[in-house]
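These notes concern the structure reproduced below.
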Amino acid sequence: MTHFFRVIIRWAKHGILALVAFVGLAPFLLILFTSLKRPNEAIVNPPKWVFTPTLDAYRELMGDVDFLRSILNSLIIAGAATIVATLLGILAGYALSRFRFRGQGAISYLILFLRMVPPITFVIPYFLIWRGLHLNDTYISMILMYITLALPLMVWMIRSFFLDFAVEIEEAALVDGCSRWQMLRLVATPAVLPGILASSTLAFIGLWNDFMFALFNTGRTTRTLPIEIYNSIGYYQLDWARLSSTAIIAIIPAIVFIALTQKYLVRGLTMGAVKG
């Protein structure tokens with residue numbers, strides 16, 4: 001009887017997990033199916049589940065120069081900002097975790113405070129700054145702005161990873177003749193690399209999906225993918241097939257980025273969770 005109850009409980013757990021997975025995947029599957037329909041089929045309510053798939057919406061997007069440029073803009077801006085923020089986050093996170101100086105705690109909590117402030121607070125100041133410097137609708141302004149958005153998260157997370165790294169290992173490297181810079185580059189950074197990649201992944205996804213800052217600070221030259229998707233919404237009619245196909249394409253880079261770093265992602269997010 002005990003074995004029977006164990007089997008029932010196991011099946012119940014699997015059933016609950018399957019239900020949760022289905023609820024999470026249902027919106028994505030609905031968007032995927034809608035993107036494979038013709039425009040007249042995509043607007044049918046309730047949705048039509050039996051249809052002849054077509055790639056017309058994707059072909060139309062691949063021929064849209066503005067849409068392709070928006071993808072390139074998003075890759076350049078989000079990618080460059082993530083790389084620079086990661087490098088700065090490593091240096092700042094290591095300094096805050098290892099060196100003792102006046103105001104260290106205040107600086108750490110100030111960085112955390114920047115994550116708590118509603119992002120919309122900075123939209124208008126950034127707009128006025130870039131307009132005053134004549135940097136509106138430029139890659140430089142977008143990358144600098146995105147670096148400041150990603151840096152607090154990067155610094156705070158990477159700092160926690162360095163705190164979990166044993167100081168004795170660093171001291172041994174210094175005794176063996178490594179300089180502080182060599183020790184950081186060859187010993188400390190590789191040791192916490194999973195955490196760094198996890199932080200970079202979260203930062204990239206956040207910047208890739210940003211809409212609010214890009215809406216006010218981009219123009220025709222630097223328009224990102226979320227803004228291009230927003231501009232495809234018509235006033236009188238929605239082309240749900242085109243809109244769904246743009247959403248699917250927008251998901252692909254994030255999925256690829258996660259796939260490349262998934263080896264380190266879970267390990268990085270759980271670093272320091274278990275100590276023995």
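Labels for the structure tokens follow display order: chains A, B, ..., residues from 1 in each chain, ligands from 1.
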_So that I can check the secondary structure, give me every residue of segment 53-140 of chain A assigned helix (DSSP H, G or I) by backbone DSSP, as an MDAnalysis selection string._
chainID A and resid 56:62 65:98 104:116 119:132 139:140
Once you have the residues from the selection above, write them out as a PDB file, in the first residue's frame, restricted to C-alpha atoms.
ATOM      1  CA  ASP A  56       4.331  34.196 -45.876  1.00  0.00           C
ATOM      2  CA  ALA A  57       4.623  36.404 -42.792  1.00  0.00           C
ATOM      3  CA  TYR A  58       8.261  35.413 -42.300  1.00  0.00           C
ATOM      4  CA  ARG A  59       9.076  35.967 -45.984  1.00  0.00           C
ATOM      5  CA  GLU A  60       7.545  39.424 -45.790  1.00  0.00           C
ATOM      6  CA  LEU A  61       9.631  40.279 -42.737  1.00  0.00           C
ATOM      7  CA  MET A  62      12.854  39.023 -44.318  1.00  0.00           C
ATOM      8  CA  VAL A  65      14.810  46.440 -44.631  1.00  0.00           C
ATOM      9  CA  ASP A  66      13.648  48.451 -41.617  1.00  0.00           C
ATOM     10  CA  PHE A  67      12.827  45.275 -39.683  1.00  0.00           C
ATOM     11  CA  LEU A  68      16.209  43.694 -40.442  1.00  0.00           C
ATOM     12  CA  ARG A  69      17.975  46.916 -39.475  1.00  0.00           C
ATOM     13  CA  SER A  70      16.119  46.995 -36.158  1.00  0.00           C
ATOM     14  CA  ILE A  71      17.418  43.496 -35.376  1.00  0.00           C
ATOM     15  CA  LEU A  72      20.969  44.593 -36.186  1.00  0.00           C
ATOM     16  CA  ASN A  73      20.532  47.697 -34.031  1.00  0.00           C
ATOM     17  CA  SER A  74      19.327  45.627 -31.082  1.00  0.00           C
ATOM     18  CA  LEU A  75      22.237  43.216 -31.432  1.00  0.00           C
ATOM     19  CA  ILE A  76      24.805  46.028 -31.627  1.00  0.00           C
ATOM     20  CA  ILE A  77      23.379  48.104 -28.776  1.00  0.00           C
ATOM     21  CA  ALA A  78      22.423  45.318 -26.356  1.00  0.00           C
ATOM     22  CA  GLY A  79      25.541  43.263 -27.151  1.00  0.00           C
ATOM     23  CA  ALA A  80      28.022  46.139 -26.803  1.00  0.00           C
ATOM     24  CA  ALA A  81      26.383  47.412 -23.612  1.00  0.00           C
ATOM     25  CA  THR A  82      26.409  43.914 -22.083  1.00  0.00           C
ATOM     26  CA  ILE A  83      30.095  43.361 -22.876  1.00  0.00           C
ATOM     27  CA  VAL A  84      31.193  46.723 -21.468  1.00  0.00           C
ATOM     28  CA  ALA A  85      28.935  46.392 -18.414  1.00  0.00           C
ATOM     29  CA  THR A  86      30.355  42.921 -17.750  1.00  0.00           C
ATOM     30  CA  LEU A  87      33.965  44.160 -17.848  1.00  0.00           C
ATOM     31  CA  LEU A  88      33.151  47.108 -15.596  1.00  0.00           C
ATOM     32  CA  GLY A  89      31.094  44.860 -13.332  1.00  0.00           C
ATOM     33  CA  ILE A  90      34.029  42.475 -12.861  1.00  0.00           C
ATOM     34  CA  LEU A  91      36.374  45.305 -11.858  1.00  0.00           C
ATOM     35  CA  ALA A  92      33.867  47.057  -9.608  1.00  0.00           C
ATOM     36  CA  GLY A  93      32.539  43.837  -8.087  1.00  0.00           C
ATOM     37  CA  TYR A  94      36.031  42.628  -7.254  1.00  0.00           C
ATOM     38  CA  ALA A  95      37.033  45.977  -5.744  1.00  0.00           C
ATOM     39  CA  LEU A  96      33.911  46.112  -3.543  1.00  0.00           C
ATOM     40  CA  SER A  97      34.386  42.516  -2.375  1.00  0.00           C
ATOM     41  CA  ARG A  98      38.120  42.607  -1.595  1.00  0.00           C
ATOM     42  CA  GLN A 104      32.496  51.076   0.783  1.00  0.00           C
ATOM     43  CA  GLY A 105      29.169  50.051   2.332  1.00  0.00           C
ATOM     44  CA  ALA A 106      27.479  53.257   1.195  1.00  0.00           C
ATOM     45  CA  ILE A 107      28.647  52.731  -2.383  1.00  0.00           C
ATOM     46  CA  SER A 108      27.420  49.119  -2.373  1.00  0.00           C
ATOM     47  CA  TYR A 109      23.964  50.078  -1.148  1.00  0.00           C
ATOM     48  CA  LEU A 110      23.815  53.050  -3.500  1.00  0.00           C
ATOM     49  CA  ILE A 111      24.325  50.634  -6.405  1.00  0.00           C
ATOM     50  CA  LEU A 112      21.537  48.455  -5.019  1.00  0.00           C
ATOM     51  CA  PHE A 113      19.343  51.543  -4.595  1.00  0.00           C
ATOM     52  CA  LEU A 114      19.708  52.312  -8.304  1.00  0.00           C
ATOM     53  CA  ARG A 115      18.068  48.945  -9.015  1.00  0.00           C
ATOM     54  CA  MET A 116      15.129  49.855  -6.773  1.00  0.00           C
ATOM     55  CA  PRO A 119      13.346  53.008 -14.485  1.00  0.00           C
ATOM     56  CA  ILE A 120      10.811  55.475 -15.872  1.00  0.00           C
ATOM     57  CA  THR A 121      12.332  58.058 -13.509  1.00  0.00           C
ATOM     58  CA  PHE A 122      15.412  58.289 -15.757  1.00  0.00           C
ATOM     59  CA  VAL A 123      13.661  58.436 -19.139  1.00  0.00           C
ATOM     60  CA  ILE A 124      13.198  62.205 -19.376  1.00  0.00           C
ATOM     61  CA  PRO A 125      16.634  63.101 -17.898  1.00  0.00           C
ATOM     62  CA  TYR A 126      18.337  60.853 -20.429  1.00  0.00           C
ATOM     63  CA  PHE A 127      16.306  62.394 -23.250  1.00  0.00           C
ATOM     64  CA  LEU A 128      17.305  65.914 -22.191  1.00  0.00           C
ATOM     65  CA  ILE A 129      20.966  64.935 -21.766  1.00  0.00           C
ATOM     66  CA  TRP A 130      21.254  63.368 -25.231  1.00  0.00           C
ATOM     67  CA  ARG A 131      19.396  66.248 -26.832  1.00  0.00           C
ATOM     68  CA  GLY A 132      21.689  68.763 -25.117  1.00  0.00           C
ATOM     69  CA  TYR A 139      24.684  54.227 -31.041  1.00  0.00           C
ATOM     70  CA  ILE A 140      26.928  55.946 -28.504  1.00  0.00           C
TER      71      ILE A 140
END
Residue contacts of Trp49 of chain A (12 Å, only C-alpha atoms) excluding same-chain residues fewer than 4 positions away, as a PDB file with C-alpha atoms, in the first residue's frame:
ATOM      1  CA  LEU A  29       2.543  28.026 -28.841  1.00  0.00           C
ATOM      2  CA  LEU A  30      -0.413  30.294 -29.619  1.00  0.00           C
ATOM      3  CA  LEU A  32       3.841  30.316 -33.029  1.00  0.00           C
ATOM      4  CA  PHE A  33       0.664  28.875 -34.576  1.00  0.00           C
ATOM      5  CA  THR A  34      -0.665  32.365 -35.330  1.00  0.00           C
ATOM      6  CA  LEU A  36       2.036  30.329 -39.479  1.00  0.00           C
ATOM      7  CA  LYS A  37      -1.464  31.424 -40.518  1.00  0.00           C
ATOM      8  CA  GLU A  41      -7.130  33.088 -40.586  1.00  0.00           C
ATOM      9  CA  ALA A  42      -5.169  34.779 -37.799  1.00  0.00           C
ATOM     10  CA  VAL A  44     -10.614  34.358 -36.457  1.00  0.00           C
ATOM     11  CA  ASN A  45     -12.017  34.127 -32.919  1.00  0.00           C
ATOM     12  CA  PRO A  53       0.767  26.417 -42.376  1.00  0.00           C
TER      13      PRO A  53
END
*Residues near segment 16-28 of chain A, cut-off 12 Å, only C-alpha atoms, skip fewer than 6 positions along chain, as a PyMOL selection string*: chain A and resi 9-10+34-35+244-245+247-249+251
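The two atoms in question, atom CA of Phe257 of chain A and atom CA of Phe204 of chain A, are spaced 8.5 Å apart.
Shell of Tyr230 of chain A at 10 Å, with only C-alpha atoms counted and residues fewer than 4 places along the chain excluded, is Phe211, Leu215, Leu225, Pro226, Gly234 and Leu243 of chain A.
Put simply, atom CA of Val155 of chain A is 11.5 Å away from atom CA of Gly195 of chain A.
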